[in-house]
$ cat entry27.cif   # mmCIF, C-alpha atoms
data_work
#
loop_
_atom_site.label_atom_id
_atom_site.label_comp_id
_atom_site.auth_asym_id
_atom_site.auth_seq_id
_atom_site.Cartn_x
_atom_site.Cartn_y
_atom_site.Cartn_z
CA MET A 170 -18.65 11.67 -1.13
CA ILE A 171 -16.43 10.21 -3.84
CA ILE A 172 -14.52 12.96 -5.66
CA ILE A 173 -14.22 12.41 -9.41
CA LYS A 174 -10.86 13.66 -10.65
CA SER A 175 -10.39 15.77 -13.77
CA LYS A 176 -7.82 14.96 -16.45
CA GLN A 177 -5.61 17.75 -15.08
CA GLU A 178 -5.80 16.36 -11.54
CA ILE A 179 -4.97 12.85 -12.74
CA ASP A 180 -2.00 14.26 -14.68
CA LEU A 181 -0.62 15.71 -11.42
CA MET A 182 -1.21 12.41 -9.60
CA ARG A 183 0.52 10.60 -12.45
CA GLU A 184 3.66 12.67 -11.86
CA SER A 185 3.54 11.93 -8.15
CA GLY A 186 2.92 8.26 -8.86
CA LYS A 187 6.03 8.01 -11.03
CA VAL A 188 8.20 8.99 -8.07
CA THR A 189 6.40 6.73 -5.59
CA GLY A 190 6.67 3.82 -8.02
CA TYR A 191 10.33 4.55 -8.71
CA ILE A 192 11.11 4.49 -5.00
CA LEU A 193 9.36 1.18 -4.47
CA ASN A 194 11.15 -0.37 -7.45
CA THR A 195 14.59 0.76 -6.28
CA LEU A 196 13.97 -0.37 -2.69
CA ALA A 197 14.16 -3.95 -3.95
CA ASP A 198 17.93 -3.46 -4.26
CA PHE A 199 18.34 -0.99 -1.40
CA ILE A 200 16.84 -3.19 1.32
CA LYS A 201 19.37 -5.74 2.57
CA PRO A 202 20.52 -7.32 5.83
CA GLY A 203 22.31 -4.94 8.19
CA ILE A 204 20.52 -1.69 7.40
CA SER A 205 17.97 -0.10 9.71
CA THR A 206 14.39 0.89 9.05
CA MET A 207 15.58 4.48 9.50
CA ASP A 208 17.98 3.98 6.58
CA VAL A 209 14.99 3.04 4.45
CA ASP A 210 13.08 6.10 5.63
CA ARG A 211 15.97 8.45 4.85
CA TYR A 212 16.30 6.99 1.34
CA VAL A 213 12.57 7.48 0.75
CA GLU A 214 12.52 11.07 2.00
CA ASP A 215 15.70 12.07 0.18
CA THR A 216 14.38 10.66 -3.11
CA ILE A 217 11.00 12.36 -2.80
CA ARG A 218 12.59 15.72 -2.00
CA LYS A 219 15.15 15.32 -4.80
CA HIS A 220 12.17 15.22 -7.17
CA LYS A 221 10.80 18.45 -5.64
CA MET A 222 7.89 16.65 -3.99
CA ILE A 223 6.69 16.34 -0.39
CA PRO A 224 6.76 13.11 1.67
CA THR A 225 3.03 12.75 2.35
CA PHE A 226 3.37 10.63 5.46
CA LYS A 227 5.77 12.88 7.37
CA GLY A 228 3.77 14.52 10.15
CA TYR A 229 0.49 13.02 8.94
CA GLY A 230 -1.55 12.57 12.11
CA GLY A 231 1.73 12.96 13.98
CA PHE A 232 3.53 10.12 12.18
CA PRO A 233 7.29 10.78 12.50
CA GLY A 234 8.56 9.13 9.32
CA SER A 235 8.38 9.59 5.55
CA ALA A 236 7.70 5.87 5.07
CA CYS A 237 6.01 3.16 7.08
CA VAL A 238 8.52 0.31 7.39
CA SER A 239 6.98 -2.85 8.85
CA ILE A 240 8.85 -6.11 9.47
CA ASN A 241 7.46 -9.67 9.61
CA GLU A 242 4.36 -9.69 11.89
CA GLU A 243 4.00 -5.90 11.57
CA VAL A 244 1.08 -5.31 9.23
CA VAL A 245 1.28 -1.53 8.73
CA HIS A 246 2.58 1.73 10.24
CA GLY A 247 6.01 0.54 11.36
CA ILE A 248 7.85 3.61 12.68
CA PRO A 249 11.38 4.03 11.24
CA ASP A 250 14.06 3.58 13.91
CA LYS A 251 17.85 3.61 13.63
CA LYS A 252 17.97 0.72 16.14
CA ARG A 253 15.45 -1.46 14.27
CA MET A 254 17.68 -3.59 12.07
CA ILE A 255 16.71 -5.62 9.03
CA HIS A 256 17.95 -9.22 8.99
CA GLU A 257 18.37 -12.04 6.50
CA GLY A 258 15.08 -13.92 6.18
CA ASP A 259 12.85 -10.98 7.16
CA ILE A 260 10.00 -9.74 5.04
CA VAL A 261 9.73 -5.93 5.01
CA SER A 262 6.69 -3.94 3.95
CA VAL A 263 7.26 -0.33 2.91
CA ASP A 264 4.37 2.12 2.40
CA VAL A 265 5.19 5.41 0.67
CA GLY A 266 3.27 8.57 -0.24
CA SER A 267 4.45 11.46 -2.43
CA THR A 268 2.64 14.78 -2.86
CA TYR A 269 3.07 16.85 -6.03
CA LYS A 270 1.37 20.25 -6.36
CA GLY A 271 -1.15 19.20 -3.72
CA TYR A 272 -1.95 15.74 -5.14
CA VAL A 273 -1.05 12.47 -3.48
CA SER A 274 0.04 9.04 -4.67
CA ASP A 275 0.15 6.14 -2.21
CA ALA A 276 1.63 2.67 -2.68
CA ALA A 277 3.29 -0.21 -0.83
CA ARG A 278 5.32 -3.35 -1.46
CA THR A 279 6.62 -6.24 0.64
CA TYR A 280 10.22 -7.34 0.08
CA ALA A 281 11.96 -10.60 0.87
CA VAL A 282 15.33 -9.92 2.53
CA GLY A 283 17.86 -12.41 1.23
CA LYS A 284 16.67 -15.99 1.44
CA VAL A 285 13.25 -16.34 3.07
CA ASP A 286 11.32 -19.52 3.73
CA ALA A 287 8.95 -20.80 1.06
CA GLU A 288 5.76 -19.87 2.93
CA ALA A 289 6.94 -16.31 3.47
CA GLN A 290 7.65 -15.95 -0.24
CA ARG A 291 4.27 -17.47 -1.09
CA LEU A 292 2.57 -14.95 1.20
CA ILE A 293 4.30 -12.07 -0.62
CA ASP A 294 3.35 -13.52 -4.00
CA VAL A 295 -0.28 -14.20 -3.12
CA THR A 296 -0.68 -10.69 -1.66
CA ARG A 297 0.47 -9.20 -4.96
CA GLU A 298 -1.72 -11.62 -6.94
CA SER A 299 -4.71 -10.63 -4.79
CA PHE A 300 -4.28 -7.03 -5.84
CA PHE A 301 -4.34 -7.96 -9.51
CA ALA A 302 -7.33 -10.24 -8.98
CA GLY A 303 -9.12 -7.15 -7.69
CA MET A 304 -7.97 -5.14 -10.71
CA GLU A 305 -10.05 -7.37 -12.99
CA PHE A 306 -13.06 -5.55 -11.51
CA ALA A 307 -11.61 -2.03 -11.32
CA ARG A 308 -13.57 -1.00 -14.38
CA VAL A 309 -16.53 1.19 -15.21
CA GLY A 310 -19.84 -0.50 -14.41
CA TYR A 311 -18.65 -2.86 -11.66
CA ARG A 312 -19.45 -2.14 -8.03
CA LEU A 313 -16.82 -1.28 -5.45
CA SER A 314 -17.22 -4.53 -3.51
CA ASP A 315 -16.51 -6.56 -6.65
CA ILE A 316 -12.86 -5.51 -6.17
CA SER A 317 -13.02 -6.39 -2.47
CA HIS A 318 -14.55 -9.81 -3.08
CA ALA A 319 -11.99 -10.75 -5.73
CA ILE A 320 -9.11 -9.88 -3.39
CA GLN A 321 -10.60 -11.95 -0.57
CA ALA A 322 -11.40 -14.91 -2.79
CA HIS A 323 -7.85 -15.12 -4.12
CA ALA A 324 -6.15 -14.70 -0.74
CA GLU A 325 -8.39 -17.11 1.16
CA GLY A 326 -8.29 -19.56 -1.72
CA ALA A 327 -4.52 -19.74 -1.17
CA GLY A 328 -5.02 -20.44 2.55
CA PHE A 329 -4.30 -16.96 3.90
CA SER A 330 -6.40 -14.43 5.85
CA VAL A 331 -7.44 -10.89 4.96
CA ILE A 332 -6.99 -8.06 7.47
CA ARG A 333 -10.36 -6.53 8.37
CA ASP A 334 -9.37 -3.53 10.49
CA PHE A 335 -7.50 -1.63 7.76
CA VAL A 336 -8.73 -0.93 4.24
CA GLY A 337 -7.99 0.85 1.00
CA HIS A 338 -9.39 4.30 0.27
CA GLY A 339 -9.94 7.07 -2.20
CA VAL A 340 -6.96 9.34 -2.78
CA GLY A 341 -6.42 12.77 -4.34
CA ARG A 342 -5.84 16.10 -2.64
CA GLU A 343 -6.06 14.16 0.62
CA MET A 344 -4.33 10.86 1.34
CA HIS A 345 -7.54 9.37 2.73
CA GLU A 346 -10.71 10.22 0.83
CA ASP A 347 -13.99 8.41 0.34
CA PRO A 348 -14.73 5.61 -0.22
CA GLN A 349 -13.26 3.06 2.14
CA ILE A 350 -12.30 -0.07 0.18
CA PRO A 351 -12.24 -3.27 2.26
CA ASN A 352 -10.24 -6.22 0.99
CA TYR A 353 -13.13 -8.57 1.75
CA GLY A 354 -16.89 -8.72 1.32
CA LYS A 355 -19.72 -9.90 -0.88
CA PRO A 356 -19.76 -8.79 -4.53
CA GLY A 357 -22.32 -6.42 -6.01
CA LYS A 358 -22.33 -3.89 -3.17
CA GLY A 359 -21.41 -0.24 -2.91
CA PRO A 360 -21.20 2.50 -5.55
CA ARG A 361 -20.84 1.73 -9.23
CA LEU A 362 -17.42 2.60 -10.62
CA VAL A 363 -17.17 5.53 -13.01
CA ALA A 364 -14.27 7.03 -14.92
CA GLY A 365 -12.24 9.51 -12.89
CA MET A 366 -12.43 7.71 -9.56
CA VAL A 367 -8.95 7.27 -8.04
CA PHE A 368 -8.34 4.66 -5.36
CA ALA A 369 -5.48 3.38 -3.22
CA ILE A 370 -6.20 -0.35 -3.28
CA GLU A 371 -4.10 -2.27 -0.78
CA PRO A 372 -4.49 -5.92 0.18
CA MET A 373 -3.03 -6.70 3.62
CA ILE A 374 -2.79 -10.48 3.89
CA CYS A 375 -1.55 -12.67 6.75
CA GLN A 376 -0.61 -16.27 7.47
CA GLY A 377 -2.82 -16.83 10.50
CA THR A 378 -5.66 -14.93 12.13
CA TYR A 379 -6.78 -11.62 10.65
CA GLU A 380 -7.05 -10.16 14.13
CA VAL A 381 -4.56 -7.42 14.93
CA GLU A 382 -3.20 -5.40 17.85
CA THR A 383 -1.64 -1.95 18.02
CA LEU A 384 1.68 -1.55 19.84
CA LEU A 385 2.24 0.91 22.67
CA ASN A 386 3.63 3.46 20.23
CA ASP A 387 -0.01 3.89 19.05
CA TRP A 388 0.99 3.36 15.43
CA THR A 389 2.44 -0.03 14.60
CA VAL A 390 -0.16 -2.72 13.91
CA VAL A 391 0.85 -6.37 14.37
CA THR A 392 -0.89 -9.69 13.83
CA ALA A 393 -2.42 -10.92 17.08
CA ASP A 394 -0.82 -14.36 16.69
CA GLY A 395 2.62 -13.09 15.66
CA LYS A 396 2.48 -14.66 12.20
CA LEU A 397 3.68 -12.92 9.06
CA ALA A 398 1.75 -10.26 7.15
CA ALA A 399 2.32 -8.74 3.69
CA HIS A 400 1.07 -5.57 1.98
CA TYR A 401 0.74 -4.58 -1.68
CA GLU A 402 -0.76 -1.27 -2.83
CA ASN A 403 -1.06 0.97 -5.86
CA THR A 404 -2.85 4.19 -6.72
CA VAL A 405 -5.39 3.23 -9.38
CA VAL A 406 -7.40 5.34 -11.83
CA ILE A 407 -10.73 4.01 -13.08
CA ASN A 408 -10.90 4.58 -16.84
CA ASP A 409 -13.33 3.70 -19.61
CA GLY A 410 -11.07 0.74 -20.41
CA GLU A 411 -8.24 -0.80 -18.41
CA PRO A 412 -7.49 0.71 -14.99
CA GLU A 413 -4.32 2.78 -14.86
CA LEU A 414 -1.85 2.01 -12.08
CA LEU A 415 -0.05 5.27 -11.37
CA THR A 416 2.52 3.75 -9.01
CA LEU A 417 3.49 0.51 -10.75
#

$ encode --input "entry27.cif" --output "structure tokens"
Amino acid sequence: MIIIKSKQEIDLMRESGKVTGYILNTLADFIKPGISTMDVDRYVEDTIRKHKMIPTFKGYGGFPGSACVSINEEVVHGIPDKKRMIHEGDIVSVDVGSTYKGYVSDAARTYAVGKVDAEAQRLIDVTRESFFAGMEFARVGYRLSDISHAIQAHAEGAGFSVIRDFVGHGVGREMHEDPQIPNYGKPGKGPRLVAGMVFAIEPMICQGTYEVETLLNDWTVVTADGKLAAHYENTVVINDGEPELLTL
């Protein structure tokens, strides 16, 4: 069941989204060669708590960190580790959730560390562009899969692949609510969009195969062929007009 949010609920999510968005913006300067993924996690948690909010991810399903920090071929759910160092030329995806008065915002970005090769930068750019291609259809009257199809068409049109095993989702009092939102599929399917729906829409795009594997830690997902993956996500409110991105 898709939960339609009230104005008051969206107001609370908007406050949460400001903090999540702020963190992701400031990480662009914070992430640099020589720091660890644990350093990123500590920055995320400290900033969330400084704003009197709760790090949504910490303890969720047993996850040990406040952020998922995934490097290069890691698609999602990288576990922060003080021994996992970030190097020049890496691409680093950071996924963050903040909870304010019981309401969640969820967003992710992929960062180029120093000078990266041209194809890595293009992957980051196309992943972001794919999100905004989907946003053209995040409006009242379209169907859910219209967003999915637009993301896939843009990513595959640029020569990249779309991860199948992990998808976007509704978000609100819970981090994962109905519906699931694939980043691929035929248009014109699924529920019609109505005002008050709130989604975490998150293209996960890779250079090679879309097939993935999970590491022995039971969390971190990597591309099966070891090629790069990128991630871009925002919490999105469906309105009568333009969609509102709470975490941008």

$ closest_atom_pairs --input "entry27.cif" --of "segment 196-299 of chain A" --to "segment 395-416 of chain A" --cutoff "10 Å" --atoms "all atoms listed in the file" --output "JSON lines"
{"residue": "A:Ser239", "atom": "CA", "partner": "A:Ala399", "partner_atom": "CA", "distance": 9.1}
{"residue": "A:Ile240", "atom": "CA", "partner": "A:Ala398", "partner_atom": "CA", "distance": 8.5}
{"residue": "A:Asn241", "atom": "CA", "partner": "A:Leu397", "partner_atom": "CA", "distance": 5.0}
{"residue": "A:Glu242", "atom": "CA", "partner": "A:Leu397", "partner_atom": "CA", "distance": 4.3}
{"residue": "A:Glu243", "atom": "CA", "partner": "A:Ala398", "partner_atom": "CA", "distance": 6.6}
{"residue": "A:Val244", "atom": "CA", "partner": "A:Ala398", "partner_atom": "CA", "distance": 5.4}
{"residue": "A:Val245", "atom": "CA", "partner": "A:His400", "partner_atom": "CA", "distance": 7.9}
{"residue": "A:Asp259", "atom": "CA", "partner": "A:Leu397", "partner_atom": "CA", "distance": 9.6}
{"residue": "A:Ile260", "atom": "CA", "partner": "A:Ala399", "partner_atom": "CA", "distance": 7.9}
{"residue": "A:Val261", "atom": "CA", "partner": "A:Ala399", "partner_atom": "CA", "distance": 8.0}
{"residue": "A:Ser262", "atom": "CA", "partner": "A:His400", "partner_atom": "CA", "distance": 6.2}
{"residue": "A:Val263", "atom": "CA", "partner": "A:His400", "partner_atom": "CA", "distance": 8.2}
{"residue": "A:Asp264", "atom": "CA", "partner": "A:Glu402", "partner_atom": "CA", "distance": 8.1}
{"residue": "A:Val265", "atom": "CA", "partner": "A:Glu402", "partner_atom": "CA", "distance": 9.6}
{"residue": "A:Gly266", "atom": "CA", "partner": "A:Thr404", "partner_atom": "CA", "distance": 9.9}
{"residue": "A:Val273", "atom": "CA", "partner": "A:Thr404", "partner_atom": "CA", "distance": 9.1}
{"residue": "A:Ser274", "atom": "CA", "partner": "A:Thr404", "partner_atom": "CA", "distance": 6.0}
{"residue": "A:Asp275", "atom": "CA", "partner": "A:Thr404", "partner_atom": "CA", "distance": 5.8}
{"residue": "A:Ala276", "atom": "CA", "partner": "A:Asn403", "partner_atom": "CA", "distance": 4.5}
{"residue": "A:Ala277", "atom": "CA", "partner": "A:Glu402", "partner_atom": "CA", "distance": 4.6}
{"residue": "A:Arg278", "atom": "CA", "partner": "A:Tyr401", "partner_atom": "CA", "distance": 4.7}
{"residue": "A:Thr279", "atom": "CA", "partner": "A:His400", "partner_atom": "CA", "distance": 5.7}
{"residue": "A:Tyr280", "atom": "CA", "partner": "A:Ala399", "partner_atom": "CA", "distance": 8.8}
{"residue": "A:Glu288", "atom": "CA", "partner": "A:Leu397", "partner_atom": "CA", "distance": 9.5}
{"residue": "A:Ala289", "atom": "CA", "partner": "A:Leu397", "partner_atom": "CA", "distance": 7.3}
{"residue": "A:Gln290", "atom": "CA", "partner": "A:Ala399", "partner_atom": "CA", "distance": 9.8}
{"residue": "A:Leu292", "atom": "CA", "partner": "A:Ala399", "partner_atom": "CA", "distance": 6.7}
{"residue": "A:Ile293", "atom": "CA", "partner": "A:Ala399", "partner_atom": "CA", "distance": 5.8}
{"residue": "A:Asp294", "atom": "CA", "partner": "A:Ala399", "partner_atom": "CA", "distance": 9.1}
{"residue": "A:Val295", "atom": "CA", "partner": "A:Ala399", "partner_atom": "CA", "distance": 9.1}
{"residue": "A:Thr296", "atom": "CA", "partner": "A:Tyr401", "partner_atom": "CA", "distance": 6.3}
{"residue": "A:Arg297", "atom": "CA", "partner": "A:Tyr401", "partner_atom": "CA", "distance": 5.7}
{"residue": "A:Glu298", "atom": "CA", "partner": "A:Tyr401", "partner_atom": "CA", "distance": 9.1}
{"residue": "A:Ser299", "atom": "CA", "partner": "A:Tyr401", "partner_atom": "CA", "distance": 8.7}

$ residues_around --input "entry27.cif" --residues "Ile350 of chain A" --least-positions-apart "2" --cutoff "6 Å" --atoms "all atoms listed in the file" --output "count of residues only"
3

$ residues_around --input "entry27.cif" --residues "Pro360 of chain A" --least-positions-apart "4" --cutoff "9 Å" --atoms "all atoms listed in the file" --output "mmCIF file with C-alpha atoms, in the frame of the given file"
data_model
loop_
_atom_site.group_PDB
_atom_site.id
_atom_site.type_symbol
_atom_site.label_atom_id
_atom_site.label_comp_id
_atom_site.auth_asym_id
_atom_site.auth_seq_id
_atom_site.Cartn_x
_atom_site.Cartn_y
_atom_site.Cartn_z
ATOM 1 C CA TYR A 311 -18.650 -2.860 -11.660
ATOM 2 C CA ARG A 312 -19.450 -2.140 -8.030
ATOM 3 C CA LEU A 313 -16.820 -1.280 -5.450
ATOM 4 C CA SER A 314 -17.220 -4.530 -3.510
ATOM 5 C CA PRO A 348 -14.730 5.610 -0.220
#

$ atom_distance --input "entry27.cif" --atom1 "atom CA of Ser235 of chain A" --atom2 "atom CA of Pro249 of chain A"
8.5 Å

$ closest_residue --input "entry27.cif" --among "A:Leu181, A:Met170, A:Val391, A:Met254" --to "Asp334 of chain A" --atoms "all atoms listed in the file"
A:Val391

$ resolve_selection --input "entry27.cif" --expression "the PyMOL selection byres ((chain A and resi 211-224) around 12)" --output "ChimeraX atom specification"
/A:181-182,184-196,198-200,204-210,225-229,232-238,249-251,263-275,344

$ axis_aligned_box --input "entry27.cif" --around "segment 330-340 of chain A" --padding-each-side "3 Å" --output "AutoDock Vina command-line options"
--center_x -8.4 --center_y -2.5 --center_z 3.9 --size_x 10.0 --size_y 29.8 --size_z 19.3

$ residues_around --input "entry27.cif" --residues "Lys355 of chain A" --least-positions-apart "5" --cutoff "9 Å" --atoms "all atoms listed in the file" --output "PyMOL selection string"
chain A and resi 314-315+317-318

$ closest_residue --input "entry27.cif" --among "A:Gly377, A:Phe306, A:Ile316, A:Pro202" --to "Val285 of chain A" --atoms "all atoms listed in the file"
A:Pro202

$ resolve_selection --input "entry27.cif" --expression "the PyMOL selection byres ((chain A and resi 174) around 9)" --output "list of chain:residue names"
A:Ile172, A:Ile173, A:Ser175, A:Lys176, A:Gln177, A:Glu178, A:Ile179, A:Gly341, A:Ala364, A:Gly365, A:Met366, A:Val367

$ write_last_selection --input "entry27.cif" --atoms "C-alpha atoms" --output "PDB file, in the coordinates of the input"
ATOM      1  CA  ILE A 172     -14.520  12.960  -5.660  1.00  0.00           C
ATOM      2  CA  ILE A 173     -14.220  12.410  -9.410  1.00  0.00           C
ATOM      3  CA  SER A 175     -10.390  15.770 -13.770  1.00  0.00           C
ATOM      4  CA  LYS A 176      -7.820  14.960 -16.450  1.00  0.00           C
ATOM      5  CA  GLN A 177      -5.610  17.750 -15.080  1.00  0.00           C
ATOM      6  CA  GLU A 178      -5.800  16.360 -11.540  1.00  0.00           C
ATOM      7  CA  ILE A 179      -4.970  12.850 -12.740  1.00  0.00           C
ATOM      8  CA  GLY A 341      -6.420  12.770  -4.340  1.00  0.00           C
ATOM      9  CA  ALA A 364     -14.270   7.030 -14.920  1.00  0.00           C
ATOM     10  CA  GLY A 365     -12.240   9.510 -12.890  1.00  0.00           C
ATOM     11  CA  MET A 366     -12.430   7.710  -9.560  1.00  0.00           C
ATOM     12  CA  VAL A 367      -8.950   7.270  -8.040  1.00  0.00           C
TER      13      VAL A 367
END

$ closest_residue --input "entry27.cif" --among "A:Ala324, A:Ala302, A:Ala281, A:Leu417" --to "Arg183 of chain A" --atoms "all atoms listed in the file"
A:Leu417

$ atom_distance --input "entry27.cif" --atom1 "atom CA of Lys252 of chain A" --atom2 "atom CA of Trp388 of chain A"
17.2 Å

$ closest_residue --input "entry27.cif" --among "A:Ile171, A:Ile374, A:Ile248, A:Leu362" --to "Glu325 of chain A" --atoms "all atoms listed in the file"
A:Ile374

$ closest_residue --input "entry27.cif" --among "A:Gly247, A:Glu343, A:Pro372, A:Val282" --to "Ile320 of chain A" --atoms "only C-alpha atoms"
A:Pro372

$ closest_residue --input "entry27.cif" --among "A:Ala197, A:Ala393, A:Val381, A:Met373" --to "Gln321 of chain A" --atoms "all atoms listed in the file"
A:Met373

$ decode --input "entry27.cif" --residues "segment 395-404 of chain A" --atoms "all heavy atoms" --output "PDB file, in the first residue's frame"
ATOM      1  N   GLY A 395      33.557  -6.370 -11.737  1.00  0.00           N
ATOM      2  CA  GLY A 395      34.546  -5.487 -11.135  1.00  0.00           C
ATOM      3  C   GLY A 395      34.625  -4.110 -11.747  1.00  0.00           C
ATOM      4  O   GLY A 395      35.515  -3.322 -11.382  1.00  0.00           O
ATOM      5  N   LYS A 396      33.697  -3.767 -12.639  1.00  0.00           N
ATOM      6  CA  LYS A 396      33.715  -2.425 -13.240  1.00  0.00           C
ATOM      7  C   LYS A 396      32.993  -1.434 -12.342  1.00  0.00           C
ATOM      8  O   LYS A 396      32.270  -1.802 -11.410  1.00  0.00           O
ATOM      9  CB  LYS A 396      33.096  -2.478 -14.634  1.00  0.00           C
ATOM     10  CG  LYS A 396      33.956  -3.284 -15.612  1.00  0.00           C
ATOM     11  CD  LYS A 396      33.433  -3.207 -17.034  1.00  0.00           C
ATOM     12  CE  LYS A 396      34.359  -3.974 -17.995  1.00  0.00           C
ATOM     13  NZ  LYS A 396      33.871  -3.910 -19.394  1.00  0.00           N
ATOM     14  N   LEU A 397      33.172  -0.153 -12.642  1.00  0.00           N
ATOM     15  CA  LEU A 397      32.684   0.906 -11.765  1.00  0.00           C
ATOM     16  C   LEU A 397      31.163   0.986 -11.745  1.00  0.00           C
ATOM     17  O   LEU A 397      30.487   0.682 -12.734  1.00  0.00           O
ATOM     18  CB  LEU A 397      33.238   2.258 -12.220  1.00  0.00           C
ATOM     19  CG  LEU A 397      34.753   2.450 -12.189  1.00  0.00           C
ATOM     20  CD1 LEU A 397      35.106   3.842 -12.684  1.00  0.00           C
ATOM     21  CD2 LEU A 397      35.325   2.211 -10.796  1.00  0.00           C
ATOM     22  N   ALA A 398      30.638   1.464 -10.607  1.00  0.00           N
ATOM     23  CA  ALA A 398      29.215   1.749 -10.451  1.00  0.00           C
ATOM     24  C   ALA A 398      29.063   3.112  -9.783  1.00  0.00           C
ATOM     25  O   ALA A 398      29.914   3.541  -9.000  1.00  0.00           O
ATOM     26  CB  ALA A 398      28.529   0.679  -9.623  1.00  0.00           C
ATOM     27  N   ALA A 399      27.950   3.799 -10.092  1.00  0.00           N
ATOM     28  CA  ALA A 399      27.645   5.095  -9.481  1.00  0.00           C
ATOM     29  C   ALA A 399      26.188   5.104  -9.021  1.00  0.00           C
ATOM     30  O   ALA A 399      25.359   4.335  -9.502  1.00  0.00           O
ATOM     31  CB  ALA A 399      27.911   6.234 -10.459  1.00  0.00           C
ATOM     32  N   HIS A 400      25.881   6.025  -8.110  1.00  0.00           N
ATOM     33  CA  HIS A 400      24.596   6.048  -7.408  1.00  0.00           C
ATOM     34  C   HIS A 400      24.196   7.506  -7.219  1.00  0.00           C
ATOM     35  O   HIS A 400      25.014   8.337  -6.825  1.00  0.00           O
ATOM     36  CB  HIS A 400      24.798   5.346  -6.052  1.00  0.00           C
ATOM     37  CG  HIS A 400      23.569   5.120  -5.257  1.00  0.00           C
ATOM     38  ND1 HIS A 400      23.629   4.727  -3.935  1.00  0.00           N
ATOM     39  CD2 HIS A 400      22.251   5.217  -5.545  1.00  0.00           C
ATOM     40  CE1 HIS A 400      22.409   4.575  -3.465  1.00  0.00           C
ATOM     41  NE2 HIS A 400      21.549   4.882  -4.426  1.00  0.00           N
ATOM     42  N   TYR A 401      22.931   7.814  -7.508  1.00  0.00           N
ATOM     43  CA  TYR A 401      22.429   9.178  -7.296  1.00  0.00           C
ATOM     44  C   TYR A 401      20.985   9.069  -6.831  1.00  0.00           C
ATOM     45  O   TYR A 401      20.167   8.417  -7.489  1.00  0.00           O
ATOM     46  CB  TYR A 401      22.513  10.013  -8.582  1.00  0.00           C
ATOM     47  CG  TYR A 401      22.197  11.472  -8.365  1.00  0.00           C
ATOM     48  CD1 TYR A 401      23.205  12.376  -8.083  1.00  0.00           C
ATOM     49  CD2 TYR A 401      20.887  11.939  -8.428  1.00  0.00           C
ATOM     50  CE1 TYR A 401      22.927  13.715  -7.866  1.00  0.00           C
ATOM     51  CE2 TYR A 401      20.594  13.272  -8.201  1.00  0.00           C
ATOM     52  CZ  TYR A 401      21.611  14.165  -7.932  1.00  0.00           C
ATOM     53  OH  TYR A 401      21.324  15.493  -7.702  1.00  0.00           O
ATOM     54  N   GLU A 402      20.653   9.704  -5.711  1.00  0.00           N
ATOM     55  CA  GLU A 402      19.340   9.520  -5.099  1.00  0.00           C
ATOM     56  C   GLU A 402      18.872  10.801  -4.429  1.00  0.00           C
ATOM     57  O   GLU A 402      19.661  11.542  -3.856  1.00  0.00           O
ATOM     58  CB  GLU A 402      19.429   8.412  -4.035  1.00  0.00           C
ATOM     59  CG  GLU A 402      18.157   8.172  -3.250  1.00  0.00           C
ATOM     60  CD  GLU A 402      18.343   7.140  -2.143  1.00  0.00           C
ATOM     61  OE1 GLU A 402      19.505   6.883  -1.745  1.00  0.00           O
ATOM     62  OE2 GLU A 402      17.326   6.606  -1.671  1.00  0.00           O
ATOM     63  N   ASN A 403      17.569  11.048  -4.520  1.00  0.00           N
ATOM     64  CA  ASN A 403      16.923  12.095  -3.738  1.00  0.00           C
ATOM     65  C   ASN A 403      15.581  11.614  -3.225  1.00  0.00           C
ATOM     66  O   ASN A 403      14.965  10.705  -3.797  1.00  0.00           O
ATOM     67  CB  ASN A 403      16.685  13.352  -4.589  1.00  0.00           C
ATOM     68  CG  ASN A 403      17.939  14.173  -4.793  1.00  0.00           C
ATOM     69  OD1 ASN A 403      18.544  14.654  -3.839  1.00  0.00           O
ATOM     70  ND2 ASN A 403      18.348  14.332  -6.041  1.00  0.00           N
ATOM     71  N   THR A 404      15.121  12.243  -2.142  1.00  0.00           N
ATOM     72  CA  THR A 404      13.754  12.052  -1.669  1.00  0.00           C
ATOM     73  C   THR A 404      12.871  13.056  -2.395  1.00  0.00           C
ATOM     74  O   THR A 404      13.135  14.260  -2.369  1.00  0.00           O
ATOM     75  CB  THR A 404      13.675  12.241  -0.144  1.00  0.00           C
ATOM     76  OG1 THR A 404      14.493  11.242   0.488  1.00  0.00           O
ATOM     77  CG2 THR A 404      12.247  12.119   0.352  1.00  0.00           C
TER      78      THR A 404
END
